[in-house]
Amino acid sequence: MAHDSLYAQPEAPAERAEAHAWWRTALTRWDTVIVVVLAAVVVVASLSIDGFASTGNAQFLLLDVVPIALIALPLTLIIITGEIDLSVASTLGLCSAVMGQLWLTGLPLEVIVVLVVLLGGLLGAVNGVFVTRFGLPALAVTIGTLAAYRGLAYVVLGDRAVADFPYDWTAASLSTVAGGSLPWAMVMVLLLACAFGVVLHVTPFGRKLYAMGNNAEAASFAGVSVATAKFWLFVTSGAVSGLAGVFWTLRFASARADNAFALELAVVAAVLLGGVSIFGGRGALLGVLAGVLLLGTVRNALQLADVSSEALYVVTGSLLVASVVVPNVVGMARSWLRRRRRAAPA
Amino acid sequence: GGTTRGSENGGGEPAASTGTANPDAPLKEGLSVAFLPKQINNPYFTVAGGGGEDAVAEFNGEYKEVGPSEASASSQVSYINTLTQQQTDVIATSANDPNAICGALNTARQSGAKVVTFDSDTNPECRDVFISQATAEGIAHVQVEMIAEQIGGKGKIAVLSATPNATNQNEWIELMKEELEKQEYSDIDLVTVAYGDDDDQKSFQETQGLLRSYPDLKGIVSPTTVGLAAAARYLSGSQYQGKVALTGLGTPNQMRQFVKDGTVEKFALWKPSDLGYLAAYAGAALASGQITGEQGQTFEAGKLGEYTIGENGVIVLGPPTVFEKSNIDEFDF
Amino acid sequence: MASDATPLLEVRDVTKSFGAVAAVRGVSFGLFGGEAHALVGENGAGKSTIVKMLAGVHQPDTGAIVIDGTAVSLGGPAEAQAAGIAVIYQEPTLFPDLSVAENIFMGRQPRGRFGRIDHAAMKTATERLFDRLGVRIDPDRPARGLSIADQQLVEIAKALSTDARILVMDEPTAALSGVEVERLFAVARTLCAQGAAVLFISHRFDEVFSLCQRVTVMRDGAWVSTDPVADLTVDTLVRYMVGRDVSALFPKEDVEPGDVVLEVDGLSRHGVFERVGFSVRHGEIVALAGLVGAGRSEVVRAVFGIDRYDEGEVRVNGERLSNGSPRAAMAAGLALVPEDRRQQGLVMELSIERNATLTRLGKLTRLGVLTGRGERSAAGDWADRLRVKYGRLSDAVSTLSGGNQQKVVLAKWLATAPTVLIVDEPTRGIDVGTKAEVHRLLSGLAAQGVAIVMVSSELPEVLGMADRVLVMHEGRITAELGRDAATEEAVMLAATGQEAAA
Amino acid sequence: MKTGAPVAEGQQATPTAEPAKTNGRTRFVQRLWVVREIGIAAALGLLVLVTAIDSPGFLSAPSIRDVLLGASILVILAVGQTVVIVSRNIDLSVGSVLGLVAFATGKLFLAAPGTPIVLAILAGIGLGAVCGAINGALVATARVPALVITLGMLYVYRGVDHLWAKGQQINAADMPAGFLSMGTSTLLGVPVLAFIALAVVLVAGMYLHSYRSGRELYAIGSEPNAARLSGIPVGRRVFGAFVVCGGMAGLAGALYAARFGTIDATVGTGLELEVVAAAVVGGVAIFGGSGSVYGAALGALLLTTIGTSLAVLRIDPFWQQAVVGGLILAAIGLDRLLALRVANRLKGRSSHGA
Ligand SMILES: Nc1ncnc2c1ncn2[C@@H]1O[C@H](COP(=O)(O)OP(=O)(O)OP(=O)(O)O)[C@@H](O)[C@H]1O
Ligand SMILES: Nc1ncnc2c1ncn2[C@@H]1O[C@H](COP(=O)(O)OP(=O)(O)OP(=O)(O)O)[C@@H](O)[C@H]1O
Ligand SMILES: [Mg+2]
Ligand SMILES: [Mg+2]
């Protein structure tokens with residue numbers, strides 16, 4: 001109940017019922033809205049910005065969004081259950097550092113990759129234990145592990161950067177399908193997205209995530225094991241962040257403790273832009289993918305148009321604010337109009 | 001060090017030296033020159049970029065400066081990719097990570113761009129030339145010389161560096177240690193290296209920590225502008241002012257006050273604007289075919305005169321300038 | 001005592017709808033200074049909605065609230081307070097992190113110099129209030145963890161502290177024992193004597209008759225009558241309220257009970273209930289009766305595994321059920337329709353079909369995947385069987401009326417085809433017609449051999465539906481009455497603990 | 001180590017549960033509220049002790065002065081953040097607001113070198129309050145979650161800062177000496193900044209404890225629906241909390257300019273999570289309703305002292321952040337433990353007479 005909406009009006013339920021009816025359709029539509037906006041941005045940019053529509057640029061754009069897209073997948077599920085994981089970027093950094101350190105010890109990379117992903121899962125499990133067993137707020141816990149994991153990354157690798165990963169691997173991280181513009185890494189993201197999408201949208205587990213995000217008590221009355229589900233989501237989030245760490249390290253051929261520093265807020269922003277409610281219970285994976293791509297595309301297009309990186313900040317922030325304010329204000333305006341209409345004949 | 005980083009996705013080895021150099025080729029007009037600093041809005045790079053802009057204006061090119069707001073290699077990669085798409089002729093960059101931006105730079109070179117690194121190098125196989133602000137030896141030498149002079153050639157000193165993985169600083173510190181091995185410095189004892197992460201508050205705290213844990217410290221060397229300014233501010237407000245010597249690398253504007261109030265006697269730095277100026281000319285020379293980056297080639301760099309490419313494609317700007325009370329007011333950067 | 005003067009407060013032809021639900025339809029009555037006025041009606045009759053309009057929480061769609069002869073518009077709770085109206089809401093609205101004293105004086109704290117809150121004065125004032133009510137609650141303790149009864153007392157103290165001219169109390173006594181009720185009435189009578197008007201809502205007729213001078217009856221949102229209490233008997237009041245013969249509402253079919261399915265043995269959850277034991281047979285409806293707070297809900301929650309119990313055991317068909325696992329209970333064929341449908345029964349923002357299928361998603365999958373069609377047909381099936389009125393199955397369940405929401409909760413659990421169905425207050429907030437439907441449904445299920453445990457605070461429902469009645473008082477079963485022995489008096493006596501266990 | 005004292009006390013104070021013992025229990029409960037702060041203070045003391053044993057100079061006057069100086073700005077930010085968090089909101093934009101105001105202060109002195117210091121600080125507070133008002137207006141009127149809004153505004157304010165600065169750096173030489181000396185000078189051996197922070201803590205502490213609108217913030221955070229039913233103007237109060245938080249960030253920004261003298265557009269980047277961490281370590285419940293500015297201030301002091309101590313102890317700099325993270329986890333875990341204990345002691349005990 002920590003999440004009951006603060007600003008629902010006193011005459012709540014009925015008004016809310018209407019608002020919700022609207023909200024639901026709006027939000028099922030928010031996916032569409034954001035996909036349409038994305039398409040529009042792509043079309044406009046292709047027509048007006050030199051070099052945007054080239055194969056090479058598409059490849060770079062997609063490569064750039066891979067880590068955020070990867071991490072956003074499990075984070076979407078976590079936020080839908082009403083929790084949050086801010087430690088993802090630090091998990092990525094620690095996994096990258098450990099990957100470098102293990103490479104120095106001479107282990108084969110195949111083994112290292114598996115170990116690193118497992119390590120990510122373990123780090124996620126720590127978050128999960130704190131949140132589900134000790135009942136601590138996820139925001140506070142993951143701020144703590146955000147600092148702790150990044151710190152441990154420095155402890156592991158210190159000031160060193162490990163860079164001599166084999167060419168085959170680093171090249172593979174950049175390679176594209178049939179030499180076109182679709183990186184294999186993006187294919188991996190899309191496959192994972194399909195898997196997460198299936199789990200979220202058409203399995204009993206996914207249904208239960210929405211239920212517990214909206215009303216954990218009612219979910220547990222219906223026999224849903226809320227704590228267990230959340231725990232495994234944190235584990236998944238950690239493991240996928242570990243995988244993102246592997247990609248990051250190979251793509252930049254550089255394992256460093258400060259990799260992906262401060263990426264967490266960008267990921268959260270992308271997820272929220274995709275229409276996922278920070279209070280849980282609402283959102284869809286398609287919207288999140290579109291949100292991630294929208295941020296990446298806008299960034300890329302503005303860069304090509306020589307818009308300064310400062311303006312990018314303003315654009316990102318405004319998009320985020322607009323994504324929550326606009327639907328709400330429209331909803332409030334509608335119900336106000338409806339009330340006026342109802343009152344008028346009386 | 002890496003073994004294979006230089007290679008880029010699928011494509012063969014970048015053409016490090018295409019064709020032969022023609023020292024007499026005229027500088028092309030209308031060259032597009034992009035400066036990509038470690039971080040945009042960083043005053044040091046703003047000044048360097050200003051030098052570059054002047055140079056580009058002199059040879060009638062198109063200048064622009066792009067870059068990330070935060071000093072990260074991954075964002076630099078994305079900007080390099082953008083510049084590649086824009087078919088920029090010359091990319092002058094200062095690397096946040098010697099390895100991470102390598103691939104992107106080589107892709108840019110394959111599509112025809114000339115890459116000049118300045119201030120902070122990448123691996124040599126990823127760029128055409130590197131403009132070094134001074135030789136690392138020169139920087140190490142001048143700093144050791146300054147601190148030795150200020151503490152009377154005797155006593156404990158410490159180094160306050162930038163981040164623990166800053167390439168430049170680490171190289172200089174290594175060379176300073178070698179320099180200190182010399183007989184004339186045998187009474188000087190380098191006790192520790194602290195890291196202020198190029199963060200003002202952290203550097204401030206680290207300075208304070210140094211003085212707490214080594215009460216008999218005689219001097220501090222801070223080979224980074226942020227660290228030097230923060231340390232100076234700490235000393236100027238403490239009882240150590242004038243008792244503990246401080247020197248290193250800093251900008252005159254930041255240090256003016258501390259030189260005048262006696263906290264700092266002298267410090268050094270190259271002129272960042274000259275660094276940018278030279279980088280722009282080197283890029284233009286590369287793009288015009290005057291040079292290819294081979295050792296021994298020479299080119300004319302406007303008002304700075306003639307430069308010769310050294311080993312590994314390194315071009316050295318010159319000895320650092322030492323700033324002290326008598327000359328500091330002549331500089332504004 | 002009834003005066004012919006202008007009423008202190010008058011509700012004049014007010015109407016209030018929530019979406020499609022007309023909660024209040026053209027209700028008028030007046031509150032006179034020096035009088036206590038009762039408002040009675042079935043669940044969902046619209047009483048609390050009237051209260052919320054007086055409190056400024058809701059604004060009437062039409063009609064007006066008139067104070068001292070002038071129509072006022074109460075835009076919010078603050079304005080109602082300023083107009084001299086103090087309200088005790090049906091559900092306690094306390095701040096769990098703040099102290100009891102602060103809860104009482106929030107927004108009206110006594111102030112000392114520089115406008116600073118005088119904490120000591122606030123504490124003394126709180127103690128004085130509690131003295132008047134004859135209770136001892138530590139003013140400095142946080143409100144978190146107070147029992148429902150104590151929470152209700154704090155609410156009462158809060159309302160008294162305002163020295164309001166109009167005191168509105170929505171079921172203030174629901175959680176209180178006789179002693180506290182008497183103290184409360186004494187205070188209320190004093191206030192009346194000082195010229196204040198009191199609006200009192202209760203489902204207990206003895207209280208209505210002992211405190212009030214006048215009573216207004218509501219049915220399905222509409223005004224039925226306003227009469228002096230002296231002119232009425234309980235029977236006439238009930239007839240006004242329900243509008244027809246009560247017993248006709250409960251068409252319990254006679255069923256020959258089968259074998260024992262559910263056995264509860266010596267179940268204890270310390271401090272909540274002690275050594276509760278009973279058994280239920282196939283086809284039998286066993287009612288758990290008692291006053292609010294007797295611990296009935298806690299018992300059924302523990303049986304179903306929502307809460308863990310400390311001692312005892314639960315057996316289904318002779319198999320012991322593991323403690324604290326709703327999943328195990330569901331696997332054994334149990335179903336629990338919880339008392340609070342908004343909090344516990346439904347996920348309000350999800351669609352009707354998502355809610356209806358939440359309990360048996362696993363069975364609706366094909367190759368582990370839910371195809372929308374299977375869910376929709378399963379949900380639609382049940383919605384039709386229970387005659388739920390809905391627009392589309394994909395509408396949020398929050399858009400349904402309360403009765404239809406309750407049907408969705410029932411659908412959700414009936415769909416699991418339980419052998420033991422536990423229903424906690426199955427007809428709370430359900431309108432008269434629907435209530436009969438629910439009763440017919442329960443009765444029909446029993447006829448099919450389902451064992452039913454029914455917790456209900458409505459005595460007529462208990463008497464009409466149950467084969468056997470277990471009466472609880474303060475966490476213990478105090479009587480077990482067969483259908484014939486279960487009379488209103490017998491149940492009430494056992495429920496108030498005035499009679500040794502039968 | 002932090003739990004030791006309260007538990008022992010608790011056992012003494014609650015041997016029975018009879019209403020007659022109410023007084024003893026009252027004291028116990030009151031103590032428990034205080035204890036949250038005592039726990040942090042004890043941790044702080046322990047840290048100082050360990051550091052001082054290793055390096056006695058740590059307890060010298062100048063050293064303490066340095067610690068206080070270092071903590072002042074974070075304390076002020078944490079106080080503002082606490083005001084918002086108790087009302088069940090959060091402000092992630094404080095780092096950006098601080099940066100923006102610091103730069104604006106520098107610009108002010110560049111444009112009008114003669115500006116009186118007090119005026120400059122007031123201008124800083126004003127600008128911060130405007131930023132806070134924008135956050136508050138969006139949160140309270142558009143009724144959207146504070147976390148999303150302030151995350152968005154974090155980017156917006158930072159972007160505005162960068163756009164304005166365009167790579168410019170403002171140096172000590174550009175600001176009046178009097179202003180800069182305020183950043184480092186001392187009064188009776190205590191830094192002026194620390195006095196300002198102390199004043200802020202005391203004023204905010206008194207406001208939250210002793211004024212109606214302050215208590216209403218706790219009420220809102222504790223149970224928003226009940227707050228509305230009690231007639232508390234929820235929207236207005238939340239708006240006010242954001243304005244206060246913004247104003248504090250503004251004050252901190254102006255003081256930052258005075259203290260560091262070198263300002264560019266990156267000032268304060270990433271500070272928001274540190275501020276939230278300080279509040280959380282200080283026992284402020286992230287979902288509102290409880291916690292005090294004193295706790296938050298101690299939390300900020302503790303985090304800063306850790307930074308300084310680890311530097312003084314010459315602990316491997318790479319360990320520092322890991323230690324900070326571990327400490328945050330320990331602190332919230334401890335807070336939870338205490339809350340559970342309180343709940344257990346109060347559970348199942350009817351406190352009114354029969
Ligand atoms: N906020 C709301 N939104 C939608 N419907 C509502 C709302 N509040 C009340 N209702 C509906 O209005 C009707 C009257 O409800 P109200 O709470 O006034 O009943 P009541 O007479 O107080 O019942 P009880 O005796 O159970 O307290 C019910 O059908 C209820 O479901
Ligand atoms: N939140 C709570 N905190 C403390 N005690 C509680 C709480 N809720 C209920 N209780 C206590 O638990 C006991 C049983 O309450 P329960 O709700 O089970 O009663 P009930 O007979 O089911 O009443 P209802 O008709 O309201 O369902 C009562 O003594 C009540 O005071
Ligand atoms: Mg009611
Ligand atoms: Mg109950």
# chains A, B, ... in the order shown; residues from 1 in each chain; ligands from 1
>>> closest_atom_pairs(of="chain D", to="chain B", cutoff="7 Å", atoms="only C-alpha atoms", output="CSV")
residue,atom,partner,partner_atom,distance
D:Ser55,CA,B:Ser213,CA,6.5
D:Gly57,CA,B:Arg212,CA,5.8
D:Phe58,CA,B:Arg212,CA,6.5
D:Lys166,CA,B:Asn41,CA,5.9
D:Gly167,CA,B:Asn41,CA,3.2
D:Gln168,CA,B:Pro43,CA,6.1
D:Gln169,CA,B:Pro43,CA,5.8
D:Asn171,CA,B:Gln254,CA,5.8
D:Ala172,CA,B:Gln254,CA,6.9
D:Ala173,CA,B:Gln257,CA,6.4
D:Thr184,CA,B:Gly237,CA,6.5
D:Thr308,CA,B:Gln205,CA,6.0
D:Ala311,CA,B:Gly209,CA,5.0
D:Val312,CA,B:Gly209,CA,4.2
>>> write_last_selection(atoms="C-alpha atoms", output="PDB file, in the first residue's frame")
ATOM      1  CA  SER D  55      45.869   8.910  13.349  1.00  0.00           C
ATOM      2  CA  GLY D  57      45.714  14.295  14.208  1.00  0.00           C
ATOM      3  CA  PHE D  58      42.192  13.464  13.093  1.00  0.00           C
ATOM      4  CA  LYS D 166      28.678  26.668 -22.842  1.00  0.00           C
ATOM      5  CA  GLY D 167      31.916  25.394 -21.413  1.00  0.00           C
ATOM      6  CA  GLN D 168      32.563  28.462 -19.369  1.00  0.00           C
ATOM      7  CA  GLN D 169      34.273  28.026 -16.060  1.00  0.00           C
ATOM      8  CA  ASN D 171      36.965  30.893 -11.157  1.00  0.00           C
ATOM      9  CA  ALA D 172      37.702  32.161  -7.740  1.00  0.00           C
ATOM     10  CA  ALA D 173      39.103  35.321  -9.203  1.00  0.00           C
ATOM     11  CA  THR D 184      36.244  28.637   4.230  1.00  0.00           C
ATOM     12  CA  THR D 308      37.487  11.772   5.155  1.00  0.00           C
ATOM     13  CA  ALA D 311      41.409   9.107   3.198  1.00  0.00           C
ATOM     14  CA  VAL D 312      43.112   9.725   6.532  1.00  0.00           C
TER      15      VAL D 312
END
>>> residues_around(residues="segment 330-334 of chain D", least_positions_apart="4", cutoff="10 Å", atoms="only C-alpha atoms", output="NGL selection string")
(:A and (130 or 134-137 or 140-141 or 144)) or (:D and (2-3 or 36 or 39-40 or 43 or 277 or 280-286 or 299 or 324-326 or 338-340))
>>> select_by_dssp(residues="segment 70-313 of chain D", states="strand (DSSP E)", output="number ranges by chain")
D: 186-187, 190-191
>>> residues_around(residues="Val314 of chain C", least_positions_apart="2", cutoff="7 Å", atoms="only C-alpha atoms", output="ChimeraX atom specification")
/C:263-265,303,316,320-321
>>> write_last_selection(atoms="C-alpha atoms", output="PDB file, in the first residue's frame")
ATOM      1  CA  GLU C 263     -11.965 -30.351  10.162  1.00  0.00           C
ATOM      2  CA  VAL C 264     -10.470 -27.563  12.221  1.00  0.00           C
ATOM      3  CA  ASP C 265      -8.964 -28.712  15.461  1.00  0.00           C
ATOM      4  CA  VAL C 303      -7.591 -21.960   7.824  1.00  0.00           C
ATOM      5  CA  VAL C 316      -9.294 -31.629   4.473  1.00  0.00           C
ATOM      6  CA  ARG C 320      -3.471 -32.417   7.156  1.00  0.00           C
ATOM      7  CA  LEU C 321      -3.081 -29.043   5.443  1.00  0.00           C
TER       8      LEU C 321
END
>>> residues_near_ligand(ligand="ligand 2", cutoff="6 Å", atoms="only C-alpha atoms and all ligand atoms", output="list in words")
Gly145, Leu146, Ser147, Ile148, Ala149, Val272, Leu291, Val292, Gly293, Ala294, Gly295, Arg296, Ser297, Glu298 and Ser457 of chain C
>>> write_last_selection(atoms="all heavy atoms", output="JSON list (two decimals), in the first residue's frame")
[["chain", "number", "residue", "atom", "x", "y", "z"],
["C", 145, "GLY", "N", -0.66, -0.26, 15.01],
["C", 145, "GLY", "CA", -0.78, -1.38, 15.92],
["C", 145, "GLY", "C", -1.94, -1.27, 16.89],
["C", 145, "GLY", "O", -2.19, -2.19, 17.66],
["C", 146, "LEU", "N", -2.68, -0.17, 16.87],
["C", 146, "LEU", "CA", -3.88, -0.09, 17.70],
["C", 146, "LEU", "C", -4.92, -1.08, 17.17],
["C", 146, "LEU", "O", -5.04, -1.27, 15.95],
["C", 146, "LEU", "CB", -4.49, 1.31, 17.63],
["C", 146, "LEU", "CG", -3.85, 2.42, 18.44],
["C", 146, "LEU", "CD1", -4.56, 3.73, 18.15],
["C", 146, "LEU", "CD2", -3.91, 2.11, 19.91],
["C", 147, "SER", "N", -5.65, -1.70, 18.07],
["C", 147, "SER", "CA", -6.71, -2.60, 17.61],
["C", 147, "SER", "C", -7.81, -1.76, 16.96],
["C", 147, "SER", "O", -7.88, -0.55, 17.15],
["C", 147, "SER", "CB", -7.28, -3.39, 18.77],
["C", 147, "SER", "OG", -8.07, -2.53, 19.56],
["C", 148, "ILE", "N", -8.66, -2.43, 16.21],
["C", 148, "ILE", "CA", -9.74, -1.71, 15.54],
["C", 148, "ILE", "C", -10.57, -0.93, 16.55],
["C", 148, "ILE", "O", -10.93, 0.22, 16.32],
["C", 148, "ILE", "CB", -10.65, -2.71, 14.79],
["C", 148, "ILE", "CG1", -9.86, -3.48, 13.74],
["C", 148, "ILE", "CG2", -11.82, -1.99, 14.15],
["C", 148, "ILE", "CD1", -9.51, -2.68, 12.52],
["C", 149, "ALA", "N", -10.83, -1.56, 17.69],
["C", 149, "ALA", "CA", -11.65, -0.88, 18.70],
["C", 149, "ALA", "C", -10.94, 0.38, 19.19],
["C", 149, "ALA", "O", -11.56, 1.45, 19.29],
["C", 149, "ALA", "CB", -11.91, -1.83, 19.86],
["C", 272, "VAL", "N", -5.32, -13.53, 19.19],
["C", 272, "VAL", "CA", -6.37, -13.27, 18.22],
["C", 272, "VAL", "C", -7.53, -14.25, 18.40],
["C", 272, "VAL", "O", -8.67, -13.84, 18.58],
["C", 272, "VAL", "CB", -5.83, -13.35, 16.78],
["C", 272, "VAL", "CG1", -6.92, -12.94, 15.80],
["C", 272, "VAL", "CG2", -4.61, -12.44, 16.63],
["C", 291, "LEU", "N", -19.94, -10.65, 16.84],
["C", 291, "LEU", "CA", -19.84, -9.22, 16.60],
["C", 291, "LEU", "C", -18.59, -8.95, 15.79],
["C", 291, "LEU", "O", -17.68, -9.78, 15.73],
["C", 291, "LEU", "CB", -19.75, -8.47, 17.94],
["C", 291, "LEU", "CG", -20.97, -8.63, 18.84],
["C", 291, "LEU", "CD1", -20.78, -7.84, 20.12],
["C", 291, "LEU", "CD2", -22.23, -8.18, 18.12],
["C", 292, "VAL", "N", -18.59, -7.77, 15.19],
["C", 292, "VAL", "CA", -17.39, -7.37, 14.46],
["C", 292, "VAL", "C", -16.20, -7.41, 15.41],
["C", 292, "VAL", "O", -16.29, -6.93, 16.53],
["C", 292, "VAL", "CB", -17.59, -5.96, 13.89],
["C", 292, "VAL", "CG1", -16.29, -5.42, 13.34],
["C", 292, "VAL", "CG2", -18.66, -5.99, 12.82],
["C", 293, "GLY", "N", -15.11, -8.00, 14.96],
["C", 293, "GLY", "CA", -13.93, -8.06, 15.81],
["C", 293, "GLY", "C", -13.88, -9.30, 16.67],
["C", 293, "GLY", "O", -12.96, -9.46, 17.47],
["C", 294, "ALA", "N", -14.83, -10.20, 16.50],
["C", 294, "ALA", "CA", -14.83, -11.41, 17.32],
["C", 294, "ALA", "C", -13.72, -12.36, 16.90],
["C", 294, "ALA", "O", -13.38, -13.28, 17.64],
["C", 294, "ALA", "CB", -16.17, -12.10, 17.23],
["C", 295, "GLY", "N", -13.16, -12.15, 15.72],
["C", 295, "GLY", "CA", -12.06, -12.99, 15.28],
["C", 295, "GLY", "C", -12.46, -13.99, 14.22],
["C", 295, "GLY", "O", -11.67, -14.88, 13.89],
["C", 296, "ARG", "N", -13.65, -13.84, 13.66],
["C", 296, "ARG", "CA", -14.09, -14.83, 12.68],
["C", 296, "ARG", "C", -13.25, -14.77, 11.42],
["C", 296, "ARG", "O", -12.82, -15.79, 10.89],
["C", 296, "ARG", "CB", -15.56, -14.56, 12.32],
["C", 296, "ARG", "CG", -16.48, -14.62, 13.51],
["C", 296, "ARG", "CD", -17.75, -13.88, 13.24],
["C", 296, "ARG", "NE", -17.48, -12.47, 12.96],
["C", 296, "ARG", "CZ", -18.34, -11.62, 12.45],
["C", 296, "ARG", "NH1", -19.54, -12.02, 12.14],
["C", 296, "ARG", "NH2", -18.02, -10.37, 12.24],
["C", 297, "SER", "N", -13.00, -13.54, 10.95],
["C", 297, "SER", "CA", -12.20, -13.42, 9.74],
["C", 297, "SER", "C", -10.81, -14.00, 9.96],
["C", 297, "SER", "O", -10.25, -14.65, 9.08],
["C", 297, "SER", "CB", -12.07, -11.95, 9.35],
["C", 297, "SER", "OG", -13.33, -11.45, 9.05],
["C", 298, "GLU", "N", -10.29, -13.76, 11.13],
["C", 298, "GLU", "CA", -8.94, -14.26, 11.42],
["C", 298, "GLU", "C", -8.91, -15.77, 11.36],
["C", 298, "GLU", "O", -7.94, -16.37, 10.90],
["C", 298, "GLU", "CB", -8.48, -13.78, 12.80],
["C", 298, "GLU", "CG", -8.71, -12.30, 13.06],
["C", 298, "GLU", "CD", -7.59, -11.43, 12.53],
["C", 298, "GLU", "OE1", -6.50, -11.98, 12.32],
["C", 298, "GLU", "OE2", -7.82, -10.24, 12.32],
["C", 457, "SER", "N", -21.98, -10.96, 9.43],
["C", 457, "SER", "CA", -22.41, -10.14, 10.56],
["C", 457, "SER", "C", -23.89, -9.87, 10.50],
["C", 457, "SER", "O", -24.45, -9.24, 11.38],
["C", 457, "SER", "CB", -21.65, -8.81, 10.55],
["C", 457, "SER", "OG", -20.28, -9.06, 10.68]]
>>> residues_near_ligand(ligand="ligand 3", cutoff="10 Å", atoms="only C-alpha atoms and all ligand atoms", output="list in words")
Val40, Gly41, Glu42, Asn43, Gly44, Ala45, Gly46, Lys47, Ser48, Thr49, Ile50, Val51, Lys52, Tyr89, Gln90, Glu91, Asp170, Glu171, Ile201, Ser202, His203 and Gly429 of chain C
>>> interface_residues(of="chain A", to="chain B", cutoff="7 Å", atoms="only C-alpha atoms", output="JSON, numbers by chain")
{"A": [51, 57, 60, 159, 160, 163, 164, 166, 167, 171, 174, 175, 252, 253, 254, 303, 304, 308, 309, 310]}
>>> atom_distance(atom1="atom CA of Glu265 of chain B", atom2="atom CA of Gly138 of chain B")
19.5 Å
>>> residues_around(residues="Ala269 of chain A", least_positions_apart="6", cutoff="9 Å", atoms="only C-alpha atoms", output="ChimeraX atom specification")
/A:291-292,316-317,320 /D:148,151-152
>>> write_last_selection(atoms="N, CA, C and O atoms", output="mmCIF file, in the first residue's frame")
data_model
loop_
_atom_site.group_PDB
_atom_site.id
_atom_site.type_symbol
_atom_site.label_atom_id
_atom_site.label_comp_id
_atom_site.auth_asym_id
_atom_site.auth_seq_id
_atom_site.Cartn_x
_atom_site.Cartn_y
_atom_site.Cartn_z
ATOM 1 N N GLY A 291 10.362 2.793 -26.307
ATOM 2 C CA GLY A 291 10.922 3.885 -25.518
ATOM 3 C C GLY A 291 12.440 3.913 -25.611
ATOM 4 O O GLY A 291 13.057 4.967 -25.808
ATOM 5 N N VAL A 292 13.054 2.737 -25.479
ATOM 6 C CA VAL A 292 14.510 2.651 -25.565
ATOM 7 C C VAL A 292 14.975 3.129 -26.935
ATOM 8 O O VAL A 292 15.900 3.941 -27.056
ATOM 9 N N THR A 316 15.699 14.730 -23.326
ATOM 10 C CA THR A 316 15.438 13.493 -22.583
ATOM 11 C C THR A 316 14.517 13.763 -21.399
ATOM 12 O O THR A 316 13.517 13.076 -21.187
ATOM 13 N N GLY A 317 14.871 14.770 -20.607
ATOM 14 C CA GLY A 317 14.088 15.078 -19.420
ATOM 15 C C GLY A 317 12.667 15.472 -19.771
ATOM 16 O O GLY A 317 11.702 15.002 -19.150
ATOM 17 N N LEU A 320 10.527 12.592 -20.693
ATOM 18 C CA LEU A 320 10.134 11.803 -19.532
ATOM 19 C C LEU A 320 8.984 12.473 -18.776
ATOM 20 O O LEU A 320 7.974 11.841 -18.450
ATOM 21 N N VAL D 148 9.280 10.131 -11.104
ATOM 22 C CA VAL D 148 9.388 10.301 -12.551
ATOM 23 C C VAL D 148 9.636 11.764 -12.892
ATOM 24 O O VAL D 148 10.517 12.097 -13.694
ATOM 25 N N LEU D 151 13.085 12.917 -11.820
ATOM 26 C CA LEU D 151 14.112 12.302 -12.673
ATOM 27 C C LEU D 151 14.179 13.044 -14.000
ATOM 28 O O LEU D 151 15.263 13.334 -14.517
ATOM 29 N N GLY D 152 13.027 13.378 -14.546
ATOM 30 C CA GLY D 152 13.003 14.151 -15.781
ATOM 31 C C GLY D 152 13.623 15.527 -15.583
ATOM 32 O O GLY D 152 14.451 15.978 -16.381
#
>>> closest_residue(among="C:Asp220, C:Asp254, C:Glu458, C:Asp484", to="ligand 1", atoms="only C-alpha atoms and all ligand atoms")
C:Asp220
